[in-house]
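Structure file query_21.pdb (PDB, C-alpha atoms) is printed below.
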MODEL        1
ATOM      1  CA  MET J 918     -23.820 -15.264  -9.558
ATOM      2  CA  SER J 919     -22.607 -12.818 -12.186
ATOM      3  CA  ASP J 920     -19.318 -13.219 -14.018
ATOM      4  CA  ALA J 921     -16.138 -11.724 -12.577
ATOM      5  CA  VAL J 922     -13.191  -9.957 -14.131
ATOM      6  CA  GLY J 923      -9.809  -8.688 -12.987
ATOM      7  CA  ILE J 924      -8.926  -5.132 -14.035
ATOM      8  CA  THR J 925      -5.148  -4.973 -14.444
ATOM      9  CA  SER J 926      -4.374  -2.740 -17.434
ATOM     10  CA  GLU J 927      -3.056   0.820 -17.458
ATOM     11  CA  THR J 928      -4.318   2.714 -14.420
ATOM     12  CA  SER J 929      -5.689   5.543 -16.542
ATOM     13  CA  ARG J 930      -8.181   3.098 -18.095
ATOM     14  CA  HIS J 931      -9.486   1.609 -14.843
ATOM     15  CA  GLN J 932     -12.557   3.846 -14.768
ATOM     16  CA  GLU J 933     -13.476   2.995 -18.360
ATOM     17  CA  LEU J 934     -13.017  -0.744 -17.828
ATOM     18  CA  VAL J 935     -14.864  -0.890 -14.497
ATOM     19  CA  THR J 936     -17.774   1.066 -15.979
ATOM     20  CA  ALA J 937     -17.988  -1.369 -18.895
ATOM     21  CA  ALA J 938     -17.857  -4.358 -16.552
ATOM     22  CA  ALA J 939     -20.535  -2.882 -14.293
ATOM     23  CA  ARG J 940     -22.793  -2.228 -17.269
ATOM     24  CA  HIS J 941     -22.724  -5.953 -18.001
ATOM     25  CA  GLY J 942     -23.169  -7.034 -14.390
ATOM     26  CA  VAL J 943     -19.617  -8.321 -14.068
ATOM     27  CA  HIS J 944     -17.994  -8.337 -10.621
ATOM     28  CA  VAL J 945     -14.621  -6.584 -10.521
ATOM     29  CA  LEU J 946     -11.289  -7.263  -8.826
ATOM     30  CA  CYS J 947      -9.289  -4.097  -9.497
ATOM     31  CA  GLU J 948      -5.498  -3.876  -9.434
ATOM     32  CA  LYS J 949      -4.012  -1.063  -7.383
ATOM     33  CA  PRO J 950      -4.212   1.875  -7.487
ATOM     34  CA  MET J 951      -7.946   2.284  -7.984
ATOM     35  CA  ALA J 952      -7.441   5.098 -10.529
ATOM     36  CA  THR J 953      -5.182   8.070 -11.220
ATOM     37  CA  THR J 954      -7.618  10.740  -9.996
ATOM     38  CA  LEU J 955     -10.203  11.000  -7.243
ATOM     39  CA  GLU J 956     -12.746  12.010  -9.875
ATOM     40  CA  ASP J 957     -12.272   8.663 -11.607
ATOM     41  CA  CYS J 958     -12.555   6.902  -8.248
ATOM     42  CA  ASP J 959     -15.938   8.572  -7.770
ATOM     43  CA  LEU J 960     -17.081   7.586 -11.260
ATOM     44  CA  ILE J 961     -16.074   3.995 -10.530
ATOM     45  CA  ALA J 962     -18.011   4.110  -7.265
ATOM     46  CA  ASP J 963     -21.103   5.446  -9.040
ATOM     47  CA  SER J 964     -20.947   2.676 -11.643
ATOM     48  CA  VAL J 965     -20.482  -0.035  -9.014
ATOM     49  CA  ARG J 966     -23.359   1.185  -6.844
ATOM     50  CA  GLU J 967     -25.737   1.684  -9.763
ATOM     51  CA  SER J 968     -25.143  -1.846 -11.051
ATOM     52  CA  ASP J 969     -24.982  -3.552  -7.638
ATOM     53  CA  ILE J 970     -21.903  -5.566  -8.534
ATOM     54  CA  VAL J 971     -19.136  -6.636  -6.130
ATOM     55  CA  PHE J 972     -15.998  -4.494  -6.333
ATOM     56  CA  MET J 973     -12.786  -5.504  -4.575
ATOM     57  CA  GLN J 974      -9.660  -3.368  -4.516
ATOM     58  CA  SER J 975      -6.554  -5.546  -4.678
ATOM     59  CA  PHE J 976      -4.352  -4.856  -1.654
ATOM     60  CA  PRO J 977      -2.407  -8.093  -1.008
ATOM     61  CA  LYS J 978      -0.777  -6.749   2.158
ATOM     62  CA  ARG J 979      -4.200  -7.011   3.795
ATOM     63  CA  PHE J 980      -3.894 -10.799   3.757
ATOM     64  CA  ASP J 981      -0.308 -11.018   4.977
ATOM     65  CA  PRO J 982      -0.257 -12.680   8.424
ATOM     66  CA  ALA J 983       2.946 -10.819   9.333
ATOM     67  CA  GLY J 984       1.356  -7.454   8.683
ATOM     68  CA  THR J 985      -1.766  -8.471  10.569
ATOM     69  CA  GLU J 986       0.306  -9.532  13.580
ATOM     70  CA  LEU J 987       2.138  -6.204  13.559
ATOM     71  CA  ILE J 988      -1.157  -4.305  13.445
ATOM     72  CA  ASP J 989      -2.444  -6.396  16.358
ATOM     73  CA  LEU J 990       0.667  -5.522  18.363
ATOM     74  CA  VAL J 991       0.104  -1.815  17.814
ATOM     75  CA  GLN J 992      -3.638  -1.784  18.365
ATOM     76  CA  SER J 993      -3.401  -3.910  21.517
ATOM     77  CA  SER J 994      -1.246  -1.115  23.025
ATOM     78  CA  VAL J 995       1.579  -3.552  23.770
ATOM     79  CA  LEU J 996       3.982  -0.987  22.311
ATOM     80  CA  GLY J 997       2.298   1.931  24.065
ATOM     81  CA  ASP J 998       1.544   5.237  22.390
ATOM     82  CA  VAL J 999       3.193   5.266  18.971
ATOM     83  CA  SER J1000       5.510   8.169  18.196
ATOM     84  CA  LEU J1001       6.904   7.124  14.806
ATOM     85  CA  VAL J1002       6.083   4.699  11.984
ATOM     86  CA  ARG J1003       8.346   4.101   8.992
ATOM     87  CA  ILE J1004       7.077   2.107   5.987
ATOM     88  CA  ARG J1005       9.202   1.342   2.936
ATOM     89  CA  HIS J1006       7.872  -0.311  -0.208
ATOM     90  CA  ALA J1007      10.490  -0.544  -2.915
ATOM     91  CA  HIS J1008      12.003  -2.645  -5.687
ATOM     92  CA  HIS J1009      14.871  -2.524  -8.169
ATOM     93  CA  PHE J1010      13.016  -3.176 -11.429
ATOM     94  CA  GLY J1011      13.506   0.408 -12.556
ATOM     95  CA  LEU J1012      17.201  -0.335 -13.018
ATOM     96  CA  ASP J1013      16.376  -2.665 -15.911
ATOM     97  CA  PRO J1014      16.780  -0.643 -19.158
ATOM     98  CA  SER J1015      13.516  -2.086 -20.492
ATOM     99  CA  PHE J1016      11.566  -0.512 -17.616
ATOM    100  CA  ALA J1017      11.706   2.899 -19.281
ATOM    101  CA  THR J1018       9.753   1.514 -22.263
ATOM    102  CA  GLN J1019       6.844   0.227 -20.171
ATOM    103  CA  TRP J1020       3.594   2.065 -19.411
ATOM    104  CA  PHE J1021       4.673   2.422 -15.774
ATOM    105  CA  ALA J1022       7.040   5.182 -16.910
ATOM    106  CA  GLU J1023       4.401   7.084 -18.902
ATOM    107  CA  PRO J1024       2.636   9.596 -16.607
ATOM    108  CA  GLU J1025      -0.462   9.853 -18.789
ATOM    109  CA  LEU J1026      -1.034   6.102 -18.309
ATOM    110  CA  SER J1027       0.306   5.468 -14.808
ATOM    111  CA  GLY J1028      -0.554   8.730 -13.061
ATOM    112  CA  GLY J1029       2.908   8.932 -11.527
ATOM    113  CA  GLY J1030       5.936   6.885 -10.590
ATOM    114  CA  ALA J1031       7.139   4.953  -7.579
ATOM    115  CA  LEU J1032       4.842   6.747  -5.148
ATOM    116  CA  ILE J1033       1.574   5.813  -6.825
ATOM    117  CA  ASP J1034       2.891   2.368  -7.794
ATOM    118  CA  GLU J1035       4.576   1.221  -4.578
ATOM    119  CA  GLY J1036       3.505   3.892  -2.104
ATOM    120  CA  VAL J1037      -0.168   3.020  -2.451
ATOM    121  CA  HIS J1038       0.571  -0.263  -0.634
ATOM    122  CA  ALA J1039       2.106   1.751   2.183
ATOM    123  CA  THR J1040      -0.716   4.294   2.460
ATOM    124  CA  ASP J1041      -3.308   1.530   2.706
ATOM    125  CA  PHE J1042      -1.272  -0.207   5.412
ATOM    126  CA  LEU J1043      -0.819   3.072   7.271
ATOM    127  CA  CYS J1044      -4.562   3.709   7.342
ATOM    128  CA  ARG J1045      -5.122   0.227   8.738
ATOM    129  CA  LEU J1046      -2.418   0.734  11.342
ATOM    130  CA  LEU J1047      -3.151   4.262  12.592
ATOM    131  CA  GLY J1048      -6.184   5.561  10.733
ATOM    132  CA  ARG J1049      -6.365   8.592   8.491
ATOM    133  CA  PRO J1050      -3.609  11.217   8.905
ATOM    134  CA  THR J1051      -4.273  14.944   8.895
ATOM    135  CA  SER J1052      -1.462  16.401   6.759
ATOM    136  CA  VAL J1053       1.580  15.496   4.676
ATOM    137  CA  VAL J1054       4.923  16.889   3.574
ATOM    138  CA  ALA J1055       6.487  15.061   0.630
ATOM    139  CA  SER J1056       9.405  15.117  -1.792
ATOM    140  CA  THR J1057       9.939  13.213  -5.026
ATOM    141  CA  SER J1058      12.964  12.684  -7.242
ATOM    142  CA  ARG J1059      13.495  11.405 -10.783
ATOM    143  CA  ALA J1060      17.252  12.000 -10.715
ATOM    144  CA  HIS J1061      18.330   8.363 -10.393
ATOM    145  CA  LEU J1062      16.534   6.848 -13.396
ATOM    146  CA  ASN J1063      15.814  10.079 -15.298
ATOM    147  CA  LEU J1064      12.303   9.017 -16.272
ATOM    148  CA  GLU J1065       9.310  11.288 -16.797
ATOM    149  CA  VAL J1066       8.003  10.134 -13.416
ATOM    150  CA  GLU J1067       9.673   9.899 -10.018
ATOM    151  CA  ASP J1068      11.816   6.888  -9.120
ATOM    152  CA  THR J1069      11.993   7.751  -5.405
ATOM    153  CA  ALA J1070       9.616   9.478  -3.005
ATOM    154  CA  VAL J1071       9.368  10.255   0.693
ATOM    155  CA  ALA J1072       6.152  11.369   2.384
ATOM    156  CA  THR J1073       5.794  12.255   6.064
ATOM    157  CA  PHE J1074       2.261  12.199   7.451
ATOM    158  CA  THR J1075       1.127  13.787  10.706
ATOM    159  CA  TYR J1076      -1.721  12.927  13.059
ATOM    160  CA  ASP J1077      -3.377  15.474  15.330
ATOM    161  CA  GLY J1078      -1.857  14.915  18.763
ATOM    162  CA  GLY J1079      -0.336  11.689  17.530
ATOM    163  CA  PRO J1080       2.598  10.107  15.723
ATOM    164  CA  LEU J1081       4.558  10.886  12.603
ATOM    165  CA  ALA J1082       4.507   8.343   9.801
ATOM    166  CA  GLU J1083       7.120   8.209   7.042
ATOM    167  CA  ILE J1084       6.546   6.402   3.750
ATOM    168  CA  VAL J1085       9.370   5.658   1.311
ATOM    169  CA  ALA J1086       8.723   4.356  -2.207
ATOM    170  CA  SER J1087      11.380   3.521  -4.781
ATOM    171  CA  TRP J1088      11.982   1.749  -8.089
ATOM    172  CA  ALA J1089      15.759   1.747  -7.618
ATOM    173  CA  MET J1090      16.514   0.085  -4.287
ATOM    174  CA  VAL J1091      18.728  -2.982  -4.717
ATOM    175  CA  ALA J1092      18.808  -4.211  -1.110
ATOM    176  CA  ALA J1093      17.173  -3.462   2.214
ATOM    177  CA  GLU J1094      16.129  -5.172   5.413
ATOM    178  CA  SER J1095      13.612  -3.547   7.743
ATOM    179  CA  SER J1096      10.440  -2.840   5.766
ATOM    180  CA  ILE J1097       8.236  -1.450   8.545
ATOM    181  CA  GLU J1098       9.277   0.038  11.880
ATOM    182  CA  VAL J1099       6.966   1.074  14.705
ATOM    183  CA  TYR J1100       8.269   2.961  17.739
ATOM    184  CA  GLY J1101       6.120   3.311  20.833
ATOM    185  CA  ALA J1102       6.513   4.522  24.406
ATOM    186  CA  ARG J1103       6.651   0.944  25.701
ATOM    187  CA  GLY J1104       8.271  -0.893  22.826
ATOM    188  CA  THR J1105       9.392  -1.274  19.237
ATOM    189  CA  ALA J1106       8.382  -3.629  16.425
ATOM    190  CA  ILE J1107      10.275  -4.230  13.192
ATOM    191  CA  LEU J1108       8.989  -6.212  10.198
ATOM    192  CA  SER J1109      11.225  -7.292   7.323
ATOM    193  CA  GLY J1110      10.760  -9.182   4.067
ATOM    194  CA  VAL J1111       7.495  -7.586   2.980
ATOM    195  CA  ASP J1112       8.741  -5.732  -0.080
ATOM    196  CA  VAL J1113      10.960  -6.676  -3.018
ATOM    197  CA  ALA J1114      13.969  -4.729  -1.746
ATOM    198  CA  SER J1115      14.124  -6.816   1.440
ATOM    199  CA  LYS J1116      12.770 -10.131   0.126
ATOM    200  CA  GLN J1117      16.180 -11.720  -0.527
ATOM    201  CA  HIS J1118      17.994 -10.096   2.379
ATOM    202  CA  ALA J1119      15.733 -10.440   5.404
ATOM    203  CA  GLY J1120      16.035 -13.406   7.755
ATOM    204  CA  GLN J1121      14.071 -14.932  10.573
ATOM    205  CA  PRO J1122      12.571 -13.672  12.712
ATOM    206  CA  TYR J1123      10.883 -11.505  10.116
ATOM    207  CA  LEU J1124       8.831  -9.807  12.814
ATOM    208  CA  LYS J1125      10.702  -8.923  15.968
ATOM    209  CA  TYR J1126       9.682  -6.763  18.872
ATOM    210  CA  TRP J1127      10.726  -5.524  22.263
ATOM    211  CA  HIS J1128       8.587  -4.079  25.012
ATOM    212  CA  ARG J1129       9.127  -3.258  28.659
ATOM    213  CA  ASP J1130       7.334  -6.331  29.974
ATOM    214  CA  LEU J1131       9.847  -8.600  28.238
ATOM    215  CA  GLY J1132      12.826  -7.218  30.125
ATOM    216  CA  GLY J1133      16.358  -7.768  28.895
ATOM    217  CA  ASN J1134      18.073  -6.099  25.986
ATOM    218  CA  GLY J1135      17.236  -8.407  23.091
ATOM    219  CA  PHE J1136      14.300  -8.491  20.722
ATOM    220  CA  ALA J1137      11.756 -11.296  20.858
ATOM    221  CA  GLY J1138      10.938 -12.958  17.551
ATOM    222  CA  SER J1139       7.662 -14.113  16.050
ATOM    223  CA  ALA J1140       7.431 -17.371  14.091
ATOM    224  CA  VAL J1141       5.233 -15.704  11.460
ATOM    225  CA  VAL J1142       6.422 -15.812   7.833
ATOM    226  CA  PRO J1143       5.276 -13.036   5.482
ATOM    227  CA  SER J1144       3.102 -14.248   2.627
ATOM    228  CA  PHE J1145       5.455 -12.357   0.314
ATOM    229  CA  LEU J1146       8.049 -15.018   1.163
ATOM    230  CA  SER J1147       5.733 -18.036   1.375
ATOM    231  CA  GLY J1148       4.426 -17.445  -2.151
ATOM    232  CA  ASP J1149       0.832 -16.545  -1.265
ATOM    233  CA  PHE J1150       1.148 -12.771  -1.456
ATOM    234  CA  HIS J1151      -0.600 -12.232  -4.783
ATOM    235  CA  SER J1152      -2.506 -15.502  -5.155
ATOM    236  CA  GLU J1153      -4.397 -14.941  -1.918
ATOM    237  CA  VAL J1154      -6.150 -11.896  -3.414
ATOM    238  CA  PRO J1155      -8.186 -13.745  -6.094
ATOM    239  CA  ARG J1156      -8.916 -16.520  -3.585
ATOM    240  CA  ARG J1157     -10.429 -13.979  -1.200
ATOM    241  CA  PHE J1158     -12.333 -12.345  -4.054
ATOM    242  CA  ILE J1159     -13.863 -15.645  -5.124
ATOM    243  CA  SER J1160     -14.668 -16.467  -1.503
ATOM    244  CA  ALA J1161     -16.490 -13.151  -1.113
ATOM    245  CA  LEU J1162     -18.530 -13.819  -4.233
ATOM    246  CA  GLN J1163     -19.463 -17.301  -3.036
ATOM    247  CA  SER J1164     -20.288 -16.319   0.531
ATOM    248  CA  GLY J1165     -21.867 -12.954  -0.122
ATOM    249  CA  GLU J1166     -19.514 -11.338   2.401
ATOM    250  CA  THR J1167     -18.109  -7.849   1.880
ATOM    251  CA  PRO J1168     -14.548  -7.944   0.460
ATOM    252  CA  ALA J1169     -11.711  -6.894   2.768
ATOM    253  CA  SER J1170     -11.053  -3.778   0.677
ATOM    254  CA  GLY J1171     -13.398  -1.972  -1.617
ATOM    255  CA  LEU J1172     -14.354   1.460  -2.917
ATOM    256  CA  ARG J1173     -13.592   3.405   0.270
ATOM    257  CA  GLU J1174     -10.220   1.781   0.868
ATOM    258  CA  GLY J1175      -9.153   2.183  -2.763
ATOM    259  CA  ARG J1176     -10.046   5.864  -2.800
ATOM    260  CA  GLU J1177      -8.537   6.638   0.609
ATOM    261  CA  SER J1178      -5.133   5.149  -0.203
ATOM    262  CA  LEU J1179      -5.012   7.033  -3.502
ATOM    263  CA  GLU J1180      -6.031  10.296  -1.832
ATOM    264  CA  LEU J1181      -2.988  10.085   0.455
ATOM    265  CA  VAL J1182      -0.731   9.510  -2.555
ATOM    266  CA  LEU J1183      -2.229  12.345  -4.614
ATOM    267  CA  THR J1184      -2.031  14.754  -1.682
ATOM    268  CA  SER J1185       1.633  13.796  -1.303
ATOM    269  CA  TYR J1186       2.193  14.663  -4.957
ATOM    270  CA  GLU J1187       0.543  18.024  -4.357
ATOM    271  CA  SER J1188       2.816  18.668  -1.379
ATOM    272  CA  ALA J1189       5.904  17.801  -3.428
ATOM    273  CA  ARG J1190       4.760  20.085  -6.245
ATOM    274  CA  LEU J1191       4.042  23.010  -3.940
ATOM    275  CA  GLY J1192       7.010  22.450  -1.663
ATOM    276  CA  GLN J1193       4.882  22.768   1.455
ATOM    277  CA  ARG J1194       2.670  20.905   3.918
ATOM    278  CA  VAL J1195      -0.794  20.036   2.647
ATOM    279  CA  GLU J1196      -3.811  19.244   4.792
ATOM    280  CA  LEU J1197      -5.794  16.073   4.180
TER     281      LEU J1197
ENDMDL
END
Could you rewrite the structure in this file as structure tokens?
Amino acid sequence: MSDAVGITSETSRHQELVTAAARHGVHVLCEKPMATTLEDCDLIADSVRESDIVFMQSFPKRFDPAGTELIDLVQSSVLGDVSLVRIRHAHHFGLDPSFATQWFAEPELSGGGALIDEGVHATDFLCRLLGRPTSVVASTSRAHLNLEVEDTAVATFTYDGGPLAEIVASWAMVAAESSIEVYGARGTAILSGVDVASKQHAGQPYLKYWHRDLGGNGFAGSAVVPSFLSGDFHSEVPRRFISALQSGETPASGLREGRESLELVLTSYESARLGQRVEL
């Protein structure tokens, strides 16, 4: 088995580092997002395929049992046809004065602000939940922190003949509760405690749901605890990477998933820049 490496430095250097690792036959676990441009994503993919190494895109929400249970609820049609999904992924670290001095706040290194940093978690989850959307309308703001990149963003995705999906990303949200909301014709599901903003404020049941078959007016609660609260959120990613290397199985997220989540973010930036809906 070849050596392995984790790529975690500035996003703008991901392509350079992955290419160097591939040249030496080193397997790669890449921090999100995959790159800052789709062109760099394609260069990474070329390097990985030419060298036949294992590439895993780090998306820790993929291993969260609470998120998986919510996806199962939706895809089992328990909630009926979905009309609206709302996903928030936010933290408050931008309020620390030192944040402005970090590479996160430098667009030439990070590729953007809260949307590419936090929103990429949400776009990957959305694709797992509903598949690929068809268009997006988005807005960004840097007014709160006055950085060179946005501190807050909202993107609304549409599906042909299907639901709307709203994504909110922020670096300046001090408290929140419901992280993900799904509204269907037969029921509703709400998941809390799966982002920093809600981590200290959400309580059990973290996943609650109501559907017509339950009857009554109250929500039913799941016993599931998000890995973000149990302490396994980030550590589970390298464990799964090592397991994939040992077993020869395909990692849970790779080149396609890394590129797709970034494409949704970059198209949202384009929409915000143009002030209009953009097709995907």
Calculate, to one decimal in Å, the centre and edge lengths of the box along x, y and z of the file that holds all listed atoms of region 1160-1167 of chain J with 3 Å of margin on each side, and present them as lines of an AutoDock Vina configuration file.
center_x = -18.3
center_y = -12.6
center_z = -0.9
size_x = 13.2
size_y = 15.5
size_z = 12.6
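For the choices J:Ser1087, J:Gln1019, J:Thr1075, J:Ser1056, the atom-to-atom distance to Glu1187 (chain J) is smallest for J:Ser1056 when using all atoms listed in the file.
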Item to complete: Kindly resolve the PyMOL selection byres ((chain J and resi 1168) around 12) on the present coordinates and return the residues as a ChimeraX atom specification.
Response: /J:944-947,970-976,979-980,1154-1167,1169-1175
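Closest approach to Ala1055 (chain J) among J:Val1085, J:Val965, J:Leu1043, J:Ala1017 is made by J:Val1085 (distances from only C-alpha atoms).
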Worksheet item: So which residues get picked by the PyMOL selection byres ((chain J and resi 1054) around 8) here, written as a PyMOL selection string?
Response: chain J and resi 1052-1053+1055-1056+1072-1074+1185+1188-1189+1192-1195
Discussion item. Since I can't run it myself right now, could you work out what the PyMOL selection byres ((chain J and resi 1123) around 12) selects here and report it as a PyMOL selection string?
Written reply: chain J and resi 982-984+986-987+1094-1098+1106-1112+1115-1122+1124-1126+1136-1146
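Nearest to Glu1067 (chain J) of all the residues J:Gly1104, J:Gly1135, J:Pro1080, J:Pro1024 is J:Pro1024, based on all atoms listed in the file.
Take the candidates J:Lys949, J:His941, J:Arg966, J:Arg1129 and check each one against Gly1028 (chain J) using all atoms listed in the file; the shortest distance goes to J:Lys949.
Interatomic distance, CA of Ile1004 (chain J) against CA of Ser1027 (chain J): 22.1 Å.
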Discussion item. Please compute the CA of Asp1041 (chain J)-CA of Glu1153 (chain J) distance, one decimal, in Å.
Written reply: 17.1 Å
Discussion item. If I take CA of Ala1070 (chain J) and CA of Ala1086 (chain J), how far is one from the other in Å, to one decimal?
Written reply: 5.3 Å
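Proximity to Leu1062 (chain J) was assessed for J:Thr985, J:Thr1040, J:Ser1015, J:Gln932 counting all atoms listed in the file; the smallest distance is recorded for J:Ser1015.
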Item to complete: Find the residues around Val1099 (chain J) up to 8 Å (only C-alpha atoms counted), leave out those fewer than 5 positions away in its own chain, and share them as a PyMOL selection string.
Response: chain J and resi 999+1001-1003+1105-1107
Selected residues written out with C-alpha atoms, as a JSON list (two decimals), in the frame of the given file:
[["chain", "number", "residue", "atom", "x", "y", "z"],
["J", 999, "VAL", "CA", 3.19, 5.27, 18.97],
["J", 1001, "LEU", "CA", 6.90, 7.12, 14.81],
["J", 1002, "VAL", "CA", 6.08, 4.70, 11.98],
["J", 1003, "ARG", "CA", 8.35, 4.10, 8.99],
["J", 1105, "THR", "CA", 9.39, -1.27, 19.24],
["J", 1106, "ALA", "CA", 8.38, -3.63, 16.42],
["J", 1107, "ILE", "CA", 10.28, -4.23, 13.19]]
